[in-house]
Structures are given as structure tokens and as C-alpha cells.
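Step one of this worksheet: look at the structure below.
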Number of protein chains: 2
Amino acid sequence: MPKKNASRDIVSRDQWAAQIAALDDAQSAPRSRRAPLTVGRIVDAALQLVEAEGFNALTMRRVAAALQATPGALYAHVRDKAELDDLMIGELCSRVTVPVPDPAQWKAQAIDVCRQLRDQYLTYPGIPRAALEGTPHSLEALRIFEGLFAILLAGGMPPQSAAWAIDGAFQYVGAYSLVWLRRRPEEDADGRVVDRAEVIERFTMLPQDRFPNSVAYAREMTSGEGHDRFDFTLGRLLAGPDPQLEGHHEH
Amino acid sequence: MPKKNASRDIVSRDQWAAQIAALDDAQSAPRSRRAPLTVGRIVDAALQLVEAEGFNALTMRRVAAALQATPGALYAHVRDKAELDDLMIGELCSRVTVPVPDPAQWKAQAIDVCRQLRDQYLTYPGIPRAALEGTPHSLEALRIFEGLFAILLAGGMPPQSAAWAIDGAFQYVGAYSLVWLRRRPEEDADGRVVDRAEVIERFTMLPQDRFPNSVAYAREMTSGEGHDRFDFTLGRLLAGPDPQLEGHHEH
DNA sequence: TCCTTGCATTGAACAGTGTTCATCTTGGGT
DNA sequence: ACCCAAGATGAACACTGTTCAATGCAAGGA
């Protein structure tokens with residue numbers, strides 16, 4: 001189909017309903033074949049592959065090879081590579097535990113949920129691409145959304161602010177996890193290790209008349225060894241219960 | 001080279017210096033060939049292609065075809081597709097104008113810069129992928145960074161907070177622009193128009209015992225026709241000059 | 001027991017992709 | 001007028017996602 005390009009399929013409404021109905025079934029009976037090749041096994045193999053070699057190595061052929069099957073066999077259980085991507089982030093989301101809301105520490109709870117998702121992403125390098133590009137059709141992602149919603153509402157945030165804050169937080173978690181791997185020096189390209197000192201030095205090579213602040217604050221721009229930036233940004237995204245009045249109380 | 005996979009090349013330090021030195025040269029003399037095929041023409045053709053058909057259609061072969069050349073000819077002016085991506089976002093960044101800092105309206109200035117970048121991204125569907133995946137090597141991106149830095153410092157934000165806030169804002173702008181196109185109903189897949197009413201209806205199909213908040217606030221979750229979410233999130237990211245003390249002043 | 005039905009699986013193919021390279025062309029400098 | 005080097009070519013390589021007729025196989029009915 002060379003004409004209609006790039007069109008992700010939308011799940012039909014029946015499938016949506018069936019997906020919801022299947023919530024209570026846990027897993028159906030595991031069949032007794034020798035090599036069943038279920039979607040569960042496919043997703044597991046795919047995640048294993050991404051963990052070991054990164055998202056770029058996630059190929060239908062390689063997943064099939066890991067399962068000792070042919071590429072075409074996968075298409076009996078998975079419609080697309082896009083659907084496989086969706087299933088993978090669904091699996092990742094299912095591993096995130098959302099706590100029961102405690103109004104006293106709503107912010108710590110919310111940040112903790114985001115941290116869990118971030119750590120899942122960071123375990124599988126490059127996988128946030130699947131989360132950022134395709135619309136997530138999994139109920140597991142919605143479960144996290146629901147949990148965060150409850151936490152923020154318990155914290156006193158108005159629903160509109162909560163919805164938008166969670167939306168922004170999800171997008172940020174994805175983008176952050178996608179970008180974070182660049183900061184590890186060991187994974188860099190072609191033996192050319194770009195560590196922090198090198199980055200700072202490059203910043204200070206800039207002409208001071210054109211980039212005065214970048215030169216002066218090169219240290220601040222490259223600081224944050226761990227996930228300080230992550231905590232900082234999330235702390236602002238989930239700022240407080242009354243965002244409309246913020247930004248003007250200091251004058 | 002099937003072994004060393006996915007390794008983006010890092011520009012050498014000499015190239016970095018040469019790039020800085022070339023800042024003053026504007027454009028070198030345009031050669032007088034019939035069809036010169038410079039990197040400028042390549043980037044232009046690439047951007048035109050993305051604007052018309054989206055980032056998925058950006059292919060070396062198609063860019064070459066648009067320039068009536070062969071794919072291999074591009075590699076005389078551009079090392080990679082990754083470098084082409086980098087040049088494209090550099091071009092986009094160069095179109096963003098950063099104002100001289102006005103401490104009285106630092107926040108509006110900062111949000112305006114982000115809005116400019118967002119609008120550039122939205123003009124070229126899918127192009128934020130290039131900004132999120134590869135490390136931006138262009139000085140144009142750094143120019144925006146520098147400009148925002150000056151604005152936030154003028155607003156009284158401490159350097160560390162400013163650096164991290166800008167970092168978070170950049171990542172959010174990319175993620176937002178990447179996701180935003182999904183919300184337009186006309187571009188959706190296979191004639192199945194998923195408009196806002198449909199999305200709300202799907203949310204209300206959820207079991208209320210498991211997703212009470214998602215059902216109750218489906219309207220809030222899907223609201224924000226224009227760029228309200230964008231302004232909301234950026235307003236929080238660029239919250240204020242004293243982030244460490246926030247979040248506790250209401251008790 | 002045999003047979004049939006249905007489905008998972010195969011193997012091959014198709015239309016693309018990024019990238020390389022030996023070979024040719026051709027414009028500008030001597 | 002000559003020459004040469006930079007740029008363009010076209011073909012190839014190793015991949016990619018996806019489709020599909022043909023095949024095998026296991027379970028269910030007669």
C-alpha cells in the first residue's frame with residue numbers, strides 16, 4: 001500500500017470494549033503446545049531485545065529469530081510493529097504500582113509514580129520513542145493516569161489542572177528518558193568519550209560576546225549528575241493546587 | 001557496518017571550532033554551477049518534503065529526487081541522514097527570534113520564544129523526532145538557549161534553576177509538538193475520524209469502579225482545543241525565581 | 001480408525017530504506 | 001589546449017516491514 005502512508009490503525013470500538021471486558025480474566029489458560037508463540041512471549045522477547053541492544057535493534061526479524069520463528073509468524077498475533085510497540089509500553093506501564101492517595105504527601109506520591117515509569121523506560125533504551133510517537137492504546141497507561149489523577153485530586157488540585165499536569169508530566173517523562181541516555185559517557189559513539197569536562201570545555205570555547213551566559217554558567221548547564229533535573233522539572237510540573245494564581249505573587 | 005549500530009557521530013573538536021569560526025562568514029560565495037547542490041539546497045528540499053508529507057516521508061532518495069540528483073550525491077555534502085536531521089532543526093532554530101531581555105515581562109518573553117519554536121515544529125509534522133533523538137549539534141539551538149538564559153536571569157531566576165528550566169522546556173516543546181498532531185481529527189487514520197466526542201465517549205465506556213476519575217473528568221482530560229495545555233505547562237516549567245521554596249507555602 | 005477442517009507457520013517475494021564505491025563527467029585553473 | 005580533482009552517477013549491499021500462497025499439524029467429528 002504505497003499510497004496511504006504512515007496511518008496507524010485505530011482500535012475498533014469493539015476491540016476497545018473487548019479489551020475492557022478482558023480486564024477481569026487475568027491470563028487465559030496457557031495452551032499446552034510445545035512452542036505456543038503467544039503475544040506474551042513476543043512482547044517478552046521484544047523487551048529482552050531492547051534491553052540488550054536498544055530500540056533500534058527491535059526488528060520483526062530479530063524478534064522472530066529470538067523465538068526461533070519466521071517474521072511472518074508474528075503477524076498472526078500482532079498486527080503491526082506499531083502494535084508491538086504499544087504492547088511493550090503497556091507491559092512497562094503494568095509494572096508501575098500506584099499507591100492509594102494520601103493527601104498529606106500527594107506530591108511525593110505523584111513524583112514516585114513518575115520515577116517508576118522513568119526507571120522502566122531507562123531499563124529499555126530508546127523505548128520512549130514508542131510512547132511518544134504512537135497513541136497509547138493500552139489500558140495500563142490509563143491505569144497510571146487514573147492513579148495520578150486520584151493522587152492530585154486528593155492533594156487539592158482542581159481537575160483541569162490535574163489533567164493537564166499529568167499530561168505534561170507523561171510527555172516530559174518520555175522525553176527525559178529518551179534524552180538521558182546521551183549523558184552516559186560509556187555508551188557514546190565511536191570511542192570518542194564526551195564526558196562532562198569535555199562538554200564544559202566546549203561551552204567555554206564559545207565566543208563570549210555572543211554566548212556570555214552559556215560560557216559563564218557552563219557548569220550549571222551541565223550539572224545534575226543523577227536525576228536532579230528530573231526531580232526539579234517534575235516538581236514544577238506538579239506545582240500546586242492553584243496554578244492560575246501563580247507567577248504573580250512575588251510582586 | 002552491522003556490528004557498531006546506532007552510533008551517532010560526534011562532531012570533532014576541529015569541526016566544532018570551524019563551526020564557530022564560520023559564524024561571521026554568513027554564506028560563502030554561491031557557486032555559479034547550473035545545479036550546485038549545496039547543503040542549503042538539500043536542507044531546503046528536505047524541509048519542503050517534511051512540510052508536505054511529514055517526517056516519515058523524509059528519505060534520502062526522495063530528497064535526491066526532489067533535487068533531480070541521485071541518493072549518493074547527497075553524501076558529498078551531508079555525512080548522514082542524522083546530520084541532515086541536525087541541519088534541519090538548526091535551520092528551524094535559526095528562524096526563532098530571541099528578544100532583548102526585559103525584566104518586567106521575562107515570563108511572557110520566555111513563553112513567546114518557546115511558542116515560536118513550537119510553531120516551527122508544527123509546520124513540519126514529525127520533525128521533533130529529529131530534535132529529541134539526536135544531540136543537537138547546531139549553534140542555532142544554542143543561540144536560543146543563550147537567549148532564554150538571558151531572559152530568565154533578567155527575571156531573577158538563579159542560574160541553576162534557569163539552566164534546568166530551559167532544558168525541561170526544550171524537551172517539553174519537542175514532545176508536545178510531536179504529540180499535538182494526533183489531536184487534529186482530519187489527519188487521522190483510515191477514515192476513522194476520532195474526534196473529541198468519540199474520545200470522551202470511549203472514556204465514559206470505562207468501568208467506573210476501576211477508573212472513576214477518568215470517567216468523571218473525561219471532559220477535563222480531553223479539553224484544551226488550542227494550545228492551552230502548552231501555555232499551562234510552560235507556565236509551570238518557568239514558574240518563578242525561587243523554586244526551592246515552592247509547594248509548601250499553602251500550609 | 002480415518003478424515004476433514006481450521007489455523008499457525010513457513011518461505012519466498014515485494015517495495016522500500018541508508019550507505020558505499022568504482023566509474024565516469026565536467027568545470028575551472030594552469 | 002590541457003589536465004585534474006571534485007562532484008555526480010548507477011549499481012550494489014545489507015537491511016527493513018509486510019503480504020501471501022502453500023504447507024504442515026493438531027484437534028474434532030464420523
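Chain labels A, B, ... are given in the sequence in which chains occur in the C-alpha cells; within each chain residues are numbered consecutively from 1, and ligands are likewise numbered from 1 in the order shown.
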Proximal residues of chain C relative to chain A (only C-alpha atoms (C1' of nucleotides); 8 Å) as a PDB file with N, CA and C atoms (P, O5', C5', C4', C3', O3' and C1' of nucleotides), in the first residue's frame:
```pdb
ATOM      1  P    DA C   8      -4.240 -19.254  14.798  1.00  0.00           P
ATOM      2  O5'  DA C   8      -2.706 -19.570  15.076  1.00  0.00           O
ATOM      3  C5'  DA C   8      -2.367 -20.727  15.807  1.00  0.00           C
ATOM      4  C4'  DA C   8      -1.115 -21.378  15.215  1.00  0.00           C
ATOM      5  C3'  DA C   8       0.060 -20.424  15.044  1.00  0.00           C
ATOM      6  O3'  DA C   8       1.238 -21.061  15.501  1.00  0.00           O
ATOM      7  C1'  DA C   8      -0.431 -21.467  12.983  1.00  0.00           C
ATOM      8  P    DT C   9       2.598 -20.238  15.580  1.00  0.00           P
ATOM      9  O5'  DT C   9       3.321 -20.608  14.222  1.00  0.00           O
ATOM     10  C5'  DT C   9       3.542 -21.985  13.897  1.00  0.00           C
ATOM     11  C4'  DT C   9       4.070 -22.121  12.488  1.00  0.00           C
ATOM     12  C3'  DT C   9       5.213 -21.165  12.118  1.00  0.00           C
ATOM     13  O3'  DT C   9       6.412 -21.921  12.019  1.00  0.00           O
ATOM     14  C1'  DT C   9       3.624 -21.447  10.342  1.00  0.00           C
ATOM     15  P    DT C  10       7.778 -21.172  11.735  1.00  0.00           P
ATOM     16  O5'  DT C  10       7.939 -21.329  10.161  1.00  0.00           O
ATOM     17  C5'  DT C  10       8.002 -22.622   9.589  1.00  0.00           C
ATOM     18  C4'  DT C  10       7.756 -22.559   8.095  1.00  0.00           C
ATOM     19  C3'  DT C  10       8.850 -21.834   7.308  1.00  0.00           C
ATOM     20  O3'  DT C  10       9.560 -22.793   6.553  1.00  0.00           O
ATOM     21  C1'  DT C  10       6.640 -21.286   6.544  1.00  0.00           C
TER      22       DT C  10
END
```
Would you list the contacts of segment 108-115 of chain A as a short mmCIF file (atom, residue, chain, number, x, y, z; two decimals) with C-alpha atoms, in the first residue's frame, taking every protein, DNA or RNA residue within 12 Å and counting only C-alpha atoms (C1' of nucleotides), but skipping same-chain residues closer than 6 positions in sequence?
```
data_model
loop_
_atom_site.label_atom_id
_atom_site.label_comp_id
_atom_site.auth_asym_id
_atom_site.auth_seq_id
_atom_site.Cartn_x
_atom_site.Cartn_y
_atom_site.Cartn_z
CA CYS A 93 3.12 0.58 32.46
CA SER A 94 1.70 -2.53 34.09
CA ARG A 95 4.81 -2.76 36.24
CA VAL A 96 4.23 0.64 37.78
CA THR A 97 2.41 0.47 41.10
CA VAL A 98 0.18 3.37 42.02
CA PRO A 99 -0.36 3.96 45.73
CA VAL A 100 -3.62 4.76 47.45
CA PRO A 101 -3.79 8.56 47.64
CA ASP A 102 -2.51 10.14 50.82
CA TYR A 121 11.92 3.47 30.36
CA LEU A 122 15.58 3.72 31.24
CA ALA A 141 -1.22 3.59 30.70
CA ARG A 143 -4.44 3.00 34.88
CA ILE A 144 -1.41 5.12 35.75
CA PHE A 145 -3.24 8.20 34.52
CA GLU A 146 -6.16 7.32 36.76
CA GLY A 147 -3.90 6.74 39.73
CA LEU A 148 -2.10 10.02 39.30
CA PHE A 149 -5.42 11.75 38.86
CA ALA A 150 -6.62 10.40 42.18
CA ILE A 151 -3.39 11.46 43.89
CA LEU A 152 -3.51 15.01 42.55
CA LEU A 153 -7.19 15.40 43.31
CA ALA A 154 -6.52 14.21 46.84
CA GLY A 155 -3.86 16.87 47.03
CA ALA A 162 -4.58 17.85 37.32
CA ALA A 165 -0.33 18.44 34.68
CA ILE A 166 -0.41 14.67 34.27
CA ASP A 167 -0.44 15.05 30.51
CA GLY A 168 2.61 17.27 30.63
CA ALA A 169 4.34 15.01 33.13
CA PHE A 170 3.86 11.95 30.92
CA GLN A 171 5.30 13.72 27.92
CA TYR A 172 8.20 15.00 29.94
CA VAL A 173 8.98 11.60 31.41
CA GLY A 174 9.16 10.18 27.91
CA TYR A 176 13.61 12.92 29.57
CA SER A 177 14.12 9.17 29.43
CA HIS A 227 18.19 12.64 38.20
CA ASP A 228 18.22 16.08 39.78
CA PHE A 230 14.08 15.16 36.55
CA ASP A 231 13.03 15.89 40.12
CA PHE A 232 13.37 19.62 39.53
CA THR A 233 11.18 19.67 36.46
CA LEU A 234 8.55 17.34 37.85
CA GLY A 235 8.42 19.39 40.99
CA ARG A 236 7.46 22.36 38.88
CA LEU A 237 5.05 20.50 36.64
CA LEU A 238 3.14 19.24 39.66
CA ALA A 239 3.49 22.59 41.29
CA GLY A 240 0.48 23.05 43.46
CA GLY B 247 4.93 23.83 47.08
#
```
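Of the residues under consideration (B:Arg62, B:Arg229, B:Arg210, B:Arg219), B:Arg229 shows the shortest atom-to-atom contact distance to Ser161 of chain A when counting only C-alpha atoms.
Going from atom CA of Gly40 of chain B to atom CA of Val78 of chain B covers 10.5 Å.
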*Step one, run DSSP on the backbone; step two, keep only residues of segment 75-176 of chain B assigned to alpha helix (DSSP H); then write them as a count of residues only.*
72
*So which residues touch DT19 of chain C within 9 Å, counting only C-alpha atoms (C1' of nucleotides), skipping near sequence neighbours fewer than 4 positions away, as a list in words?*
Gly72, Tyr75 and Asp80 of chain B; DC13 of chain D
Contact check, chain D to chain B, at most 8 Å, counting only C-alpha atoms (C1' of nucleotides), closest pairs as a tab-separated table:
```
residue	atom	partner	partner_atom	distance
D:DG7	C1'	B:Ala76	CA	7.4
D:DA8	C1'	B:Ala73	CA	5.9
D:DT9	C1'	B:Thr70	CA	7.1
```
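Remark: for DA27 of chain D, the closest of the candidate residues C:DG16, C:DG11, C:DG29, C:DG6 is C:DG6 (distances computed over only C-alpha atoms (C1' of nucleotides)).
Going from atom CA of Tyr217 of chain A to atom CA of Met205 of chain A covers 12.8 Å.
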Give me, as an mmCIF file with C-alpha atoms (C1' of nucleotides), in the first residue's frame, all polymer residues having an atom no more than 8 Å from DT17 of chain C, counting only C-alpha atoms (C1' of nucleotides) and skipping those fewer than 4 positions away in the same chain.
```cif
data_model
loop_
_atom_site.group_PDB
_atom_site.id
_atom_site.type_symbol
_atom_site.label_atom_id
_atom_site.label_comp_id
_atom_site.auth_asym_id
_atom_site.auth_seq_id
_atom_site.Cartn_x
_atom_site.Cartn_y
_atom_site.Cartn_z
ATOM 1 C CA THR B 59 14.096 9.858 2.712
ATOM 2 C "C1'" DC D 15 18.872 -4.307 5.819
ATOM 3 C "C1'" DT D 16 13.668 -3.028 6.960
#
```
*asked:* Between A:Glu201, A:Asp209, A:Asp119, A:Glu133, which residue has the minimum interatomic distance to chain B, considering only C-alpha atoms?
replied: A:Glu133
_Nearby residues (only C-alpha atoms (C1' of nucleotides)) at most 12 Å from DA13 of chain C, same-chain spacing under 6 positions excluded, as a count of residues only_ = 4
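The two atoms in question, atom C1' of DT26 of chain C and atom CA of Ala65 of chain B, are spaced 21.3 Å apart.
Comparing the minimum interatomic distances between chain A and each of B:Ser138, B:Ser223, B:Gln48, B:Gln160, counting only C-alpha atoms, we find that B:Gln160 sits nearest.
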